[in-house]
file my_file-v8.json (JSON, C-alpha atoms)
[["chain", "number", "residue", "atom", "x", "y", "z"],
["T", 1362, "MET", "CA", -13.27, 29.67, -15.12],
["T", 1363, "GLU", "CA", -11.78, 26.31, -16.11],
["T", 1364, "GLU", "CA", -12.75, 23.51, -13.74],
["T", 1365, "LYS", "CA", -9.83, 21.87, -11.96],
["T", 1366, "THR", "CA", -9.19, 18.22, -12.87],
["T", 1367, "ILE", "CA", -9.55, 15.96, -9.84],
["T", 1368, "LYS", "CA", -6.67, 13.54, -9.31],
["T", 1369, "HIS", "CA", -7.31, 10.25, -7.50],
["T", 1370, "PHE", "CA", -4.93, 7.54, -6.23],
["T", 1371, "LEU", "CA", -6.82, 4.28, -6.66],
["T", 1372, "LYS", "CA", -4.04, 2.14, -8.17],
["T", 1373, "PHE", "CA", -0.27, 2.57, -8.09],
["T", 1374, "ASP", "CA", -0.12, 3.31, -11.82],
["T", 1375, "ASP", "CA", -2.71, 6.09, -11.56],
["T", 1376, "PHE", "CA", 0.34, 8.31, -11.04],
["T", 1377, "THR", "CA", 3.16, 9.01, -13.47],
["T", 1378, "ILE", "CA", 6.77, 8.27, -12.57],
["T", 1379, "ASP", "CA", 7.30, 12.00, -11.98],
["T", 1380, "GLU", "CA", 4.38, 12.09, -9.57],
["T", 1381, "ILE", "CA", 5.60, 9.02, -7.69],
["T", 1382, "ASN", "CA", 9.10, 10.49, -7.42],
["T", 1383, "HIS", "CA", 7.63, 13.78, -6.20],
["T", 1384, "VAL", "CA", 5.75, 11.94, -3.44],
["T", 1385, "PHE", "CA", 8.95, 10.13, -2.42],
["T", 1386, "ALA", "CA", 10.94, 13.38, -2.35],
["T", 1387, "ARG", "CA", 8.26, 15.12, -0.32],
["T", 1388, "THR", "CA", 8.02, 12.15, 2.05],
["T", 1389, "ALA", "CA", 11.71, 12.53, 2.91],
["T", 1390, "ILE", "CA", 11.25, 16.25, 3.62],
["T", 1391, "ILE", "CA", 8.05, 15.83, 5.63],
["T", 1392, "LYS", "CA", 9.51, 12.95, 7.66],
["T", 1393, "LYS", "CA", 12.63, 14.98, 8.45],
["T", 1394, "ARG", "CA", 10.46, 17.86, 9.67],
["T", 1395, "PHE", "CA", 8.42, 15.46, 11.81],
["T", 1396, "LYS", "CA", 11.55, 13.94, 13.38],
["T", 1397, "GLY", "CA", 12.91, 17.41, 14.07],
["T", 1398, "TYR", "CA", 9.68, 18.58, 15.74],
["T", 1399, "GLU", "CA", 9.33, 21.26, 13.05],
["T", 1400, "GLU", "CA", 5.77, 22.48, 12.69],
["T", 1401, "TYR", "CA", 4.39, 22.09, 9.17],
["T", 1402, "LEU", "CA", 0.65, 22.73, 8.75],
["T", 1403, "PRO", "CA", -0.10, 23.13, 5.02],
["T", 1404, "LEU", "CA", -3.53, 21.47, 5.34],
["T", 1405, "HIS", "CA", -4.73, 23.53, 8.31],
["T", 1406, "ASP", "CA", -8.08, 24.29, 6.66],
["T", 1407, "ARG", "CA", -8.70, 20.90, 5.02],
["T", 1408, "THR", "CA", -10.82, 17.91, 6.11],
["T", 1409, "LEU", "CA", -10.20, 14.23, 5.38],
["T", 1410, "ALA", "CA", -13.12, 11.77, 5.43],
["T", 1411, "MET", "CA", -12.07, 8.17, 6.13],
["T", 1412, "ILE", "CA", -14.58, 5.47, 5.15],
["T", 1413, "PHE", "CA", -13.96, 1.95, 6.42],
["T", 1414, "GLU", "CA", -15.82, -1.13, 5.23],
["T", 1415, "LYS", "CA", -12.91, -3.30, 6.43],
["T", 1416, "PRO", "CA", -11.37, -3.10, 9.90],
["T", 1417, "SER", "CA", -8.04, -1.35, 10.25],
["T", 1418, "THR", "CA", -5.25, -0.47, 12.65],
["T", 1419, "ARG", "CA", -2.34, 0.88, 10.61],
["T", 1420, "THR", "CA", -4.44, 2.52, 7.89],
["T", 1421, "ARG", "CA", -6.64, 4.40, 10.33],
["T", 1422, "ILE", "CA", -3.82, 5.56, 12.62],
["T", 1423, "SER", "CA", -1.47, 6.51, 9.79],
["T", 1424, "PHE", "CA", -4.05, 8.58, 7.90],
["T", 1425, "GLU", "CA", -5.61, 10.13, 10.99],
["T", 1426, "ALA", "CA", -2.34, 11.02, 12.72],
["T", 1427, "GLY", "CA", -0.87, 12.18, 9.42],
["T", 1428, "MET", "CA", -3.75, 14.55, 8.64],
["T", 1429, "TYR", "CA", -3.64, 16.03, 12.15],
["T", 1430, "GLN", "CA", 0.13, 16.52, 11.85],
["T", 1431, "LEU", "CA", -0.44, 18.49, 8.64],
["T", 1432, "GLY", "CA", -2.93, 20.70, 10.49],
["T", 1433, "GLY", "CA", -6.11, 19.23, 9.03],
["T", 1434, "SER", "CA", -9.14, 17.57, 10.57],
["T", 1435, "VAL", "CA", -10.55, 14.07, 10.18],
["T", 1436, "ILE", "CA", -13.99, 12.46, 10.03],
["T", 1437, "HIS", "CA", -14.07, 8.69, 10.61],
["T", 1438, "LEU", "CA", -16.96, 6.70, 9.11],
["T", 1439, "THR", "CA", -17.79, 3.00, 8.97],
["T", 1440, "THR", "CA", -20.61, 1.21, 7.19],
["T", 1441, "GLY", "CA", -22.34, 1.06, 10.57],
["T", 1442, "ASP", "CA", -22.60, 4.83, 10.92],
["T", 1443, "SER", "CA", -22.97, 5.89, 7.29],
["T", 1444, "GLN", "CA", -25.19, 5.02, 4.32],
["T", 1445, "MET", "CA", -22.35, 3.14, 2.59],
["T", 1446, "GLY", "CA", -23.47, -0.48, 2.39],
["T", 1447, "ARG", "CA", -27.11, 0.38, 3.08],
["T", 1448, "SER", "CA", -29.80, 1.48, 0.68],
["T", 1449, "GLU", "CA", -28.17, 4.64, -0.68],
["T", 1450, "PRO", "CA", -26.29, 4.21, -3.97],
["T", 1451, "ILE", "CA", -22.54, 4.81, -3.77],
["T", 1452, "GLU", "CA", -22.93, 7.51, -6.41],
["T", 1453, "ASP", "CA", -25.22, 9.53, -4.15],
["T", 1454, "THR", "CA", -23.03, 9.05, -1.08],
["T", 1455, "ALA", "CA", -20.01, 10.26, -3.05],
["T", 1456, "ARG", "CA", -21.83, 13.36, -4.30],
["T", 1457, "VAL", "CA", -22.84, 14.34, -0.78],
["T", 1458, "ILE", "CA", -19.62, 13.56, 1.11],
["T", 1459, "SER", "CA", -17.40, 15.21, -1.49],
["T", 1460, "ARG", "CA", -19.33, 18.49, -1.10],
["T", 1461, "MET", "CA", -18.46, 18.60, 2.60],
["T", 1462, "VAL", "CA", -14.82, 17.51, 2.80],
["T", 1463, "ASP", "CA", -11.62, 18.11, 0.83],
["T", 1464, "ILE", "CA", -10.29, 14.57, 0.40],
["T", 1465, "VAL", "CA", -11.57, 11.02, 0.97],
["T", 1466, "MET", "CA", -9.81, 7.78, 1.89],
["T", 1467, "ILE", "CA", -11.75, 4.52, 1.46],
["T", 1468, "ARG", "CA", -10.85, 1.03, 2.69],
["T", 1469, "THR", "CA", -13.32, -1.40, 1.16],
["T", 1470, "PHE", "CA", -13.79, -4.74, -0.60],
["T", 1471, "GLY", "CA", -14.18, -4.61, -4.39],
["T", 1472, "GLN", "CA", -12.24, -2.09, -6.47],
["T", 1473, "ASP", "CA", -15.47, -1.34, -8.31],
["T", 1474, "LYS", "CA", -16.84, 0.39, -5.20],
["T", 1475, "ILE", "CA", -13.98, 2.85, -4.89],
["T", 1476, "ASP", "CA", -13.95, 3.44, -8.66],
["T", 1477, "THR", "CA", -17.66, 4.29, -8.55],
["T", 1478, "PHE", "CA", -17.15, 6.63, -5.60],
["T", 1479, "ALA", "CA", -14.24, 8.41, -7.30],
["T", 1480, "ASN", "CA", -16.18, 8.80, -10.55],
["T", 1481, "ASN", "CA", -18.84, 10.75, -8.62],
["T", 1482, "SER", "CA", -16.56, 12.68, -6.25],
["T", 1483, "ARG", "CA", -15.71, 16.38, -6.45],
["T", 1484, "VAL", "CA", -12.54, 15.80, -4.38],
["T", 1485, "PRO", "CA", -9.54, 13.43, -4.53],
["T", 1486, "VAL", "CA", -10.12, 9.84, -3.43],
["T", 1487, "ILE", "CA", -7.37, 7.58, -2.04],
["T", 1488, "ASN", "CA", -7.44, 3.79, -1.99],
["T", 1489, "GLY", "CA", -6.70, 2.72, 1.60],
["T", 1490, "LEU", "CA", -7.02, -0.94, 0.51],
["T", 1491, "THR", "CA", -9.30, -3.00, -1.71],
["T", 1492, "ASN", "CA", -9.36, -6.71, -2.49],
["T", 1493, "GLU", "CA", -7.42, -5.97, -5.66],
["T", 1494, "PHE", "CA", -4.87, -3.27, -4.76],
["T", 1495, "HIS", "CA", -3.04, -1.65, -1.84],
["T", 1496, "PRO", "CA", -1.15, 1.29, -3.40],
["T", 1497, "CYS", "CA", -0.43, 3.27, -0.21],
["T", 1498, "GLN", "CA", 1.34, 0.29, 1.32],
["T", 1499, "ILE", "CA", 3.57, -0.19, -1.71],
["T", 1500, "LEU", "CA", 4.41, 3.53, -1.68],
["T", 1501, "ALA", "CA", 5.58, 3.07, 1.91],
["T", 1502, "ASP", "CA", 7.48, -0.13, 1.10],
["T", 1503, "ILE", "CA", 9.39, 1.38, -1.81],
["T", 1504, "PHE", "CA", 10.16, 4.54, 0.13],
["T", 1505, "THR", "CA", 11.50, 2.35, 2.95],
["T", 1506, "PHE", "CA", 13.72, 0.49, 0.48],
["T", 1507, "ILE", "CA", 15.02, 3.81, -0.87],
["T", 1508, "GLU", "CA", 15.82, 4.98, 2.67],
["T", 1509, "HIS", "CA", 17.88, 1.87, 3.38],
["T", 1510, "ARG", "CA", 19.33, 0.90, -0.01],
["T", 1511, "GLY", "CA", 18.87, 3.77, -2.47],
["T", 1512, "PRO", "CA", 16.97, 3.73, -5.80],
["T", 1513, "VAL", "CA", 14.83, 0.69, -6.51],
["T", 1514, "ALA", "CA", 15.31, 0.78, -10.29],
["T", 1515, "GLY", "CA", 17.34, -2.21, -11.45],
["T", 1516, "LYS", "CA", 16.82, -4.10, -8.18],
["T", 1517, "THR", "CA", 15.07, -7.43, -7.62],
["T", 1518, "VAL", "CA", 12.11, -7.93, -5.29],
["T", 1519, "ALA", "CA", 10.89, -11.40, -4.31],
["T", 1520, "TRP", "CA", 7.26, -11.97, -3.41],
["T", 1521, "ILE", "CA", 6.66, -15.18, -1.48],
["T", 1522, "GLY", "CA", 3.08, -16.32, -0.87],
["T", 1523, "ASP", "CA", -0.44, -15.25, -1.72],
["T", 1524, "ALA", "CA", -1.26, -13.56, -5.04],
["T", 1525, "ASN", "CA", -3.22, -10.86, -3.27],
["T", 1526, "ASN", "CA", -3.69, -7.08, -3.47],
["T", 1527, "MET", "CA", -0.12, -6.53, -2.27],
["T", 1528, "ALA", "CA", 1.35, -8.79, -4.95],
["T", 1529, "ASN", "CA", -0.74, -7.14, -7.67],
["T", 1530, "THR", "CA", 0.42, -3.68, -6.63],
["T", 1531, "TRP", "CA", 4.07, -4.72, -6.38],
["T", 1532, "VAL", "CA", 3.87, -5.95, -9.99],
["T", 1533, "GLN", "CA", 2.35, -2.65, -11.12],
["T", 1534, "ALA", "CA", 5.14, -0.76, -9.35],
["T", 1535, "ALA", "CA", 7.85, -2.94, -10.92],
["T", 1536, "LYS", "CA", 6.57, -2.19, -14.41],
["T", 1537, "MET", "CA", 6.48, 1.55, -13.69],
["T", 1538, "LEU", "CA", 9.74, 1.98, -11.76],
["T", 1539, "GLY", "CA", 12.02, -0.43, -13.59],
["T", 1540, "PHE", "CA", 12.77, -3.20, -11.11],
["T", 1541, "THR", "CA", 12.30, -6.96, -11.40],
["T", 1542, "MET", "CA", 9.48, -8.67, -9.53],
["T", 1543, "LYS", "CA", 10.00, -12.38, -8.86],
["T", 1544, "VAL", "CA", 6.77, -13.99, -7.68],
["T", 1545, "THR", "CA", 6.11, -17.45, -6.32],
["T", 1546, "THR", "CA", 2.68, -18.69, -5.22],
["T", 1547, "PRO", "CA", 1.06, -22.11, -4.82],
["T", 1548, "LYS", "CA", -0.20, -23.27, -8.19],
["T", 1549, "GLN", "CA", -3.84, -23.07, -7.05],
["T", 1550, "TYR", "CA", -3.42, -19.40, -6.09],
["T", 1551, "PRO", "CA", -1.78, -17.77, -9.16],
["T", 1552, "LEU", "CA", -1.53, -14.12, -10.07],
["T", 1553, "ASN", "CA", -4.41, -12.68, -12.06],
["T", 1554, "PRO", "CA", -2.83, -11.21, -15.24],
["T", 1555, "GLU", "CA", -5.69, -8.69, -15.50],
["T", 1556, "LEU", "CA", -4.57, -7.20, -12.17],
["T", 1557, "ALA", "CA", -0.82, -7.89, -12.29],
["T", 1558, "PRO", "CA", 0.54, -6.86, -15.70],
["T", 1559, "THR", "CA", 2.90, -9.30, -17.38],
["T", 1560, "GLY", "CA", 6.14, -8.35, -19.10],
["T", 1561, "ALA", "CA", 9.91, -8.37, -18.64],
["T", 1562, "HIS", "CA", 9.51, -6.90, -15.15],
["T", 1563, "LEU", "CA", 7.66, -10.02, -13.90],
["T", 1564, "VAL", "CA", 9.32, -13.40, -13.36],
["T", 1565, "LEU", "CA", 7.10, -16.26, -12.19],
["T", 1566, "CYS", "CA", 9.07, -18.76, -10.11],
["T", 1567, "ASP", "CA", 8.31, -22.38, -9.26],
["T", 1568, "SER", "CA", 9.59, -22.23, -5.69],
["T", 1569, "PRO", "CA", 10.34, -19.77, -2.87],
["T", 1570, "ASN", "CA", 14.08, -20.55, -3.13],
["T", 1571, "GLU", "CA", 14.07, -19.67, -6.83],
["T", 1572, "ALA", "CA", 12.22, -16.41, -6.17],
["T", 1573, "ALA", "CA", 14.52, -15.40, -3.29],
["T", 1574, "LYS", "CA", 17.73, -16.15, -5.18],
["T", 1575, "ASP", "CA", 19.75, -12.92, -5.63],
["T", 1576, "ALA", "CA", 16.85, -10.77, -4.40],
["T", 1577, "ASP", "CA", 17.49, -7.34, -2.89],
["T", 1578, "LEU", "CA", 14.20, -7.45, -0.99],
["T", 1579, "VAL", "CA", 12.10, -10.38, 0.19],
["T", 1580, "THR", "CA", 8.50, -9.61, 1.11],
["T", 1581, "THR", "CA", 5.36, -11.51, 1.98],
["T", 1582, "ASP", "CA", 1.91, -11.23, 3.57],
["T", 1583, "VAL", "CA", -0.57, -13.39, 5.45],
["T", 1584, "TRP", "CA", -1.82, -16.48, 3.63],
["T", 1585, "ALA", "CA", -5.51, -15.67, 4.17],
["T", 1586, "SER", "CA", -6.34, -12.00, 3.59],
["T", 1587, "MET", "CA", -9.46, -10.28, 4.92],
["T", 1588, "GLY", "CA", -12.47, -11.86, 3.26],
["T", 1589, "SER", "CA", -10.88, -15.29, 2.83],
["T", 1590, "GLU", "CA", -10.62, -16.30, 6.50],
["T", 1591, "ASP", "CA", -13.00, -19.21, 5.88],
["T", 1592, "GLU", "CA", -10.28, -20.71, 3.66],
["T", 1593, "ALA", "CA", -7.60, -20.37, 6.35],
["T", 1594, "GLU", "CA", -7.09, -24.10, 6.98],
["T", 1595, "LYS", "CA", -7.18, -24.96, 3.29],
["T", 1596, "ARG", "CA", -4.67, -22.21, 2.56],
["T", 1597, "ARG", "CA", -2.43, -23.23, 5.46],
["T", 1598, "LYS", "CA", -1.98, -26.63, 3.78],
["T", 1599, "ALA", "CA", -1.48, -25.16, 0.30],
["T", 1600, "PHE", "CA", 1.14, -22.67, 1.51],
["T", 1601, "GLN", "CA", 3.35, -25.15, 3.36],
["T", 1602, "GLY", "CA", 6.90, -24.40, 2.22],
["T", 1603, "TYR", "CA", 6.16, -20.70, 1.66],
["T", 1604, "CYS", "CA", 7.30, -19.52, 5.09],
["T", 1605, "VAL", "CA", 10.09, -16.93, 4.96],
["T", 1606, "ASP", "CA", 12.71, -18.27, 7.37],
["T", 1607, "LYS", "CA", 16.44, -17.75, 7.76],
["T", 1608, "GLU", "CA", 17.23, -20.52, 5.30],
["T", 1609, "LEU", "CA", 15.10, -18.85, 2.64],
["T", 1610, "MET", "CA", 16.60, -15.42, 3.39],
["T", 1611, "SER", "CA", 20.06, -16.93, 2.86],
["T", 1612, "CYS", "CA", 19.14, -17.44, -0.82],
["T", 1613, "ALA", "CA", 18.80, -13.67, -1.24],
["T", 1614, "ASN", "CA", 21.65, -11.19, -1.48],
["T", 1615, "PRO", "CA", 23.57, -10.86, 1.81],
["T", 1616, "ASP", "CA", 22.28, -7.31, 2.35],
["T", 1617, "ALA", "CA", 18.71, -8.09, 1.27],
["T", 1618, "LEU", "CA", 15.90, -6.52, 3.29],
["T", 1619, "PHE", "CA", 12.77, -8.23, 4.59],
["T", 1620, "MET", "CA", 9.36, -6.54, 4.59],
["T", 1621, "HIS", "CA", 5.83, -7.43, 5.69],
["T", 1622, "CYS", "CA", 2.86, -5.05, 5.64],
["T", 1623, "LEU", "CA", 1.61, -6.46, 8.99],
["T", 1624, "PRO", "CA", -0.13, -7.86, 10.92],
["T", 1625, "ALA", "CA", 2.09, -10.95, 10.71],
["T", 1626, "HIS", "CA", 1.25, -14.51, 11.69],
["T", 1627, "ARG", "CA", 4.58, -15.57, 13.17],
["T", 1628, "GLY", "CA", 5.42, -19.13, 12.29],
["T", 1629, "GLU", "CA", 3.17, -19.15, 9.22],
["T", 1630, "GLU", "CA", 4.28, -16.81, 6.43],
["T", 1631, "VAL", "CA", 7.37, -15.64, 8.38],
["T", 1632, "THR", "CA", 9.35, -16.85, 11.35],
["T", 1633, "SER", "CA", 9.90, -14.64, 14.38],
["T", 1634, "ASP", "CA", 13.67, -14.63, 13.93],
["T", 1635, "VAL", "CA", 13.30, -13.14, 10.43],
["T", 1636, "LEU", "CA", 10.61, -10.64, 11.47],
["T", 1637, "GLU", "CA", 12.79, -9.48, 14.37],
["T", 1638, "GLY", "CA", 16.11, -10.01, 12.59],
["T", 1639, "ASP", "CA", 18.74, -7.59, 11.32],
["T", 1640, "GLN", "CA", 17.41, -7.70, 7.74],
["T", 1641, "SER", "CA", 13.86, -6.82, 8.77],
["T", 1642, "VAL", "CA", 12.68, -3.24, 8.29],
["T", 1643, "VAL", "CA", 9.02, -3.89, 9.08],
["T", 1644, "TRP", "CA", 8.79, -1.25, 11.82],
["T", 1645, "ASP", "CA", 10.28, 1.49, 9.60],
["T", 1646, "GLU", "CA", 7.94, 0.26, 6.87],
["T", 1647, "ALA", "CA", 4.92, 0.59, 9.18],
["T", 1648, "GLU", "CA", 5.86, 4.11, 10.29],
["T", 1649, "ASN", "CA", 6.50, 5.20, 6.72],
["T", 1650, "ARG", "CA", 2.84, 4.56, 5.84],
["T", 1651, "MET", "CA", 2.09, 7.76, 7.76],
["T", 1652, "HIS", "CA", 4.81, 9.83, 6.10],
["T", 1653, "VAL", "CA", 4.13, 8.78, 2.49],
["T", 1654, "GLN", "CA", 0.41, 9.33, 3.02],
["T", 1655, "LYS", "CA", 1.09, 12.84, 4.30],
["T", 1656, "ALA", "CA", 3.06, 13.54, 1.13],
["T", 1657, "LEU", "CA", 0.31, 11.93, -0.95],
["T", 1658, "MET", "CA", -2.43, 14.08, 0.61],
["T", 1659, "GLU", "CA", -0.27, 17.18, 0.28],
["T", 1660, "TYR", "CA", 0.20, 16.49, -3.44],
["T", 1661, "LEU", "CA", -3.45, 15.69, -4.15],
["T", 1662, "LEU", "CA", -4.59, 18.89, -2.41],
["T", 1663, "LEU", "CA", -1.77, 21.34, -3.11],
["T", 1664, "GLY", "CA", 0.02, 20.00, -6.17],
["T", 1665, "MET", "CA", 3.79, 20.18, -6.64],
["T", 1666, "ASP", "CA", 4.19, 23.86, -5.79],
["T", 1667, "VAL", "CA", 5.12, 23.30, -2.14],
["T", 1668, "LYS", "CA", 8.21, 23.94, -0.05]]

call {"tool": "encode", "arguments": {"input": "my_file-v8.json", "output": "structure tokens"}}
result
Amino acid sequence: MEEKTIKHFLKFDDFTIDEINHVFARTAIIKKRFKGYEEYLPLHDRTLAMIFEKPSTRTRISFEAGMYQLGGSVIHLTTGDSQMGRSEPIEDTARVISRMVDIVMIRTFGQDKIDTFANNSRVPVINGLTNEFHPCQILADIFTFIEHRGPVAGKTVAWIGDANNMANTWVQAAKMLGFTMKVTTPKQYPLNPELAPTGAHLVLCDSPNEAAKDADLVTTDVWASMGSEDEAEKRRKAFQGYCVDKELMSCANPDALFMHCLPAHRGEEVTSDVLEGDQSVVWDEAENRMHVQKALMEYLLLGMDVK
């Protein structure tokens, strides 16, 4: 019997355009069922293991609630109550865990850790966040844009701020899905071209105003991501002028949306009036993490032959 190929979702471009579009289509269906209180339990006999080396609110709740809503069960592990981060090699941990569960989500530091785990896993592995990439969040962000404004192809997205895992993943998505990514960062914190592919889809801008000009979506993140908190004061000085406020939003298209993956530091990377304003869709964006991840898990476990 031919062994089934295991599909992982470790970076946004691990999927083809057809696979991404399938996940978006299924997200719309699954979300509609959820809002209509329609029972849908396709993963009733499946178990998700969640491994956290970084703290989490949205990632844990969205995956855990999502798996329960699909009828499955969840095991929650941290480095404190597992052998991850102790003496056992990641390869051995992966071999053991993947014999006992059906799918694994990992939120960790270096991408090399999740790559190593996936290379030794018998079941699909999902990247819940690494220092380099955050593909589930960008799935949710793009789905949220589609809900509010239609297809993202041909549109312009402005990234204002840190060249972090979010920015890298946005650039990957732009190359795949055919939209323009305008990025502005302080000169001492540039994009890494090995993580954020260059090309016609990527426009590097000298200022936030230039990046926001004619944008259909303006998005940002905290200035000091997890792991770089010791640089917070240094970064606060470097990022002066990179706060998304009403004046900056006025440079974008009149119907432009604002997004932030949260948690937000109000008054730093975004002002409260933008975060709470009419153009902000951050709360829809946060909820949609759960719905896109349900569609993602459904696809990784059941394929496209679902109704």

call {"tool": "closest_residue", "arguments": {"input": "my_file-v8.json", "among": "T:Ser1641, T:Gln1654, T:Asn1570, T:Ser1611", "to": "Leu1500 (chain T)", "atoms": "all atoms listed in the file"}}
result
T:Gln1654

call {"tool": "closest_residue", "arguments": {"input": "my_file-v8.json", "among": "T:Met1411, T:Cys1604, T:Ile1507, T:Val1564", "to": "Ala1386 (chain T)", "atoms": "only C-alpha atoms"}}
result
T:Ile1507

call {"tool": "closest_residue", "arguments": {"input": "my_file-v8.json", "among": "T:Asn1553, T:Thr1581, T:Asn1481, T:Thr1546", "to": "Gln1601 (chain T)", "atoms": "only C-alpha atoms"}}
result
T:Thr1546

call {"tool": "atom_distance", "arguments": {"input": "my_file-v8.json", "atom1": "CA of Glu1571 (chain T)", "atom2": "CA of Lys1543 (chain T)"}}
result
8.6 Å

call {"tool": "closest_residue", "arguments": {"input": "my_file-v8.json", "among": "T:Thr1440, T:Val1579, T:Val1544, T:Ile1499", "to": "Lys1415 (chain T)", "atoms": "all atoms listed in the file"}}
result
T:Thr1440

call {"tool": "atom_distance", "arguments": {"input": "my_file-v8.json", "atom1": "CA of Arg1394 (chain T)", "atom2": "CA of Lys1655 (chain T)"}}
result
11.9 Å

call {"tool": "atom_distance", "arguments": {"input": "my_file-v8.json", "atom1": "CA of Leu1578 (chain T)", "atom2": "CA of Thr1505 (chain T)"}}
result
10.9 Å

call {"tool": "residues_near_point", "arguments": {"input": "my_file-v8.json", "point": "(8.9, -6.6, 5.2)", "cutoff": "7 Å", "atoms": "only C-alpha atoms", "output": "PyMOL selection string"}}
result
chain T and resi 1580-1581+1619-1622+1641-1643

call {"tool": "closest_residue", "arguments": {"input": "my_file-v8.json", "among": "T:Gly1433, T:Ala1656, T:Lys1393, T:Ile1458", "to": "Glu1508 (chain T)", "atoms": "all atoms listed in the file"}}
result
T:Lys1393

call {"tool": "residues_around", "arguments": {"input": "my_file-v8.json", "residues": "Met1610 (chain T)", "least_positions_apart": "4", "cutoff": "8 Å", "atoms": "only C-alpha atoms", "output": "list in words"}}
result
Ala1573, Val1579, Val1605, Asp1606 and Ala1617 of chain T

call {"tool": "write_last_selection", "arguments": {"input": "my_file-v8.json", "atoms": "C-alpha atoms", "output": "mmCIF file, in the frame of the given file"}}
result
data_model
loop_
_atom_site.group_PDB
_atom_site.id
_atom_site.type_symbol
_atom_site.label_atom_id
_atom_site.label_comp_id
_atom_site.auth_asym_id
_atom_site.auth_seq_id
_atom_site.Cartn_x
_atom_site.Cartn_y
_atom_site.Cartn_z
ATOM 1 C CA ALA T 1573 14.520 -15.400 -3.290
ATOM 2 C CA VAL T 1579 12.100 -10.380 0.190
ATOM 3 C CA VAL T 1605 10.090 -16.930 4.960
ATOM 4 C CA ASP T 1606 12.710 -18.270 7.370
ATOM 5 C CA ALA T 1617 18.710 -8.090 1.270
#

call {"tool": "closest_residue", "arguments": {"input": "my_file-v8.json", "among": "T:Gly1539, T:Pro1512, T:Gly1638, T:Pro1485", "to": "Val1462 (chain T)", "atoms": "all atoms listed in the file"}}
result
T:Pro1485

call {"tool": "residues_around", "arguments": {"input": "my_file-v8.json", "residues": "Arg1597 (chain T)", "least_positions_apart": "3", "cutoff": "9 Å", "atoms": "only C-alpha atoms", "output": "PDB file with C-alpha atoms, in the coordinates of the input"}}
result
ATOM      1  CA  TRP T1584      -1.820 -16.480   3.630  1.00  0.00           C
ATOM      2  CA  ALA T1585      -5.510 -15.670   4.170  1.00  0.00           C
ATOM      3  CA  GLU T1592     -10.280 -20.710   3.660  1.00  0.00           C
ATOM      4  CA  ALA T1593      -7.600 -20.370   6.350  1.00  0.00           C
ATOM      5  CA  GLU T1594      -7.090 -24.100   6.980  1.00  0.00           C
ATOM      6  CA  PHE T1600       1.140 -22.670   1.510  1.00  0.00           C
ATOM      7  CA  GLN T1601       3.350 -25.150   3.360  1.00  0.00           C
ATOM      8  CA  GLU T1629       3.170 -19.150   9.220  1.00  0.00           C
TER       9      GLU T1629
END

call {"tool": "residues_around", "arguments": {"input": "my_file-v8.json", "residues": "Asp1616 (chain T)", "least_positions_apart": "2", "cutoff": "9 Å", "atoms": "all atoms listed in the file", "output": "number ranges by chain"}}
result
T: 1577-1578, 1613-1614, 1618, 1640

call {"tool": "closest_atom_pairs", "arguments": {"input": "my_file-v8.json", "of": "region 1572-1668 of chain T", "to": "region 1365-1370 of chain T", "cutoff": "10 Å", "atoms": "all atoms listed in the file", "output": "tab-separated table"}}
result
residue	atom	partner	partner_atom	distance
T:Leu1657	CA	T:Phe1370	CA	8.6
T:Met1658	CA	T:Phe1370	CA	9.8
T:Tyr1660	CA	T:Lys1368	CA	9.5
T:Leu1661	CA	T:Lys1368	CA	6.5
T:Leu1662	CA	T:Lys1368	CA	9.0
T:Gly1664	CA	T:Lys1368	CA	9.8

call {"tool": "residues_around", "arguments": {"input": "my_file-v8.json", "residues": "region 1535-1537 of chain T", "least_positions_apart": "4", "cutoff": "12 Å", "atoms": "only C-alpha atoms", "output": "number ranges by chain"}}
result
T: 1372-1382, 1499-1500, 1503, 1513-1520, 1528-1531, 1541-1544, 1557-1564

call {"tool": "residues_around", "arguments": {"input": "my_file-v8.json", "residues": "Thr1418 (chain T)", "least_positions_apart": "2", "cutoff": "12 Å", "atoms": "only C-alpha atoms", "output": "list in words"}}
result
Phe1413, Lys1415, Pro1416, Thr1420, Arg1421, Ile1422, Ser1423, Phe1424, Glu1425, Ala1426, Arg1468, Gly1489, Cys1622, Leu1623, Pro1624, Ala1647 and Arg1650 of chain T

call {"tool": "decode", "arguments": {"input": "my_file-v8.json", "residues": "region 1505-1511 of chain T", "atoms": "N, CA and C atoms", "output": "mmCIF file, in the first residue's frame"}}
result
data_model
loop_
_atom_site.group_PDB
_atom_site.id
_atom_site.type_symbol
_atom_site.label_atom_id
_atom_site.label_comp_id
_atom_site.auth_asym_id
_atom_site.auth_seq_id
_atom_site.Cartn_x
_atom_site.Cartn_y
_atom_site.Cartn_z
ATOM 1 N N THR T 1505 -9.892 37.972 6.037
ATOM 2 C CA THR T 1505 -10.640 39.121 6.539
ATOM 3 C C THR T 1505 -10.748 40.202 5.472
ATOM 4 N N PHE T 1506 -9.666 40.443 4.737
ATOM 5 C CA PHE T 1506 -9.724 41.414 3.642
ATOM 6 C C PHE T 1506 -10.746 40.972 2.599
ATOM 7 N N ILE T 1507 -10.719 39.700 2.235
ATOM 8 C CA ILE T 1507 -11.657 39.176 1.234
ATOM 9 C C ILE T 1507 -13.099 39.364 1.702
ATOM 10 N N GLU T 1508 -13.363 39.100 2.971
ATOM 11 C CA GLU T 1508 -14.708 39.291 3.523
ATOM 12 C C GLU T 1508 -15.196 40.723 3.350
ATOM 13 N N HIS T 1509 -14.313 41.675 3.563
ATOM 14 C CA HIS T 1509 -14.705 43.086 3.558
ATOM 15 C C HIS T 1509 -14.564 43.759 2.198
ATOM 16 N N ARG T 1510 -13.589 43.329 1.389
ATOM 17 C CA ARG T 1510 -13.292 44.066 0.155
ATOM 18 C C ARG T 1510 -13.191 43.193 -1.088
ATOM 19 N N GLY T 1511 -13.351 41.892 -0.959
ATOM 20 C CA GLY T 1511 -13.253 41.029 -2.133
ATOM 21 C C GLY T 1511 -11.827 40.574 -2.388
#
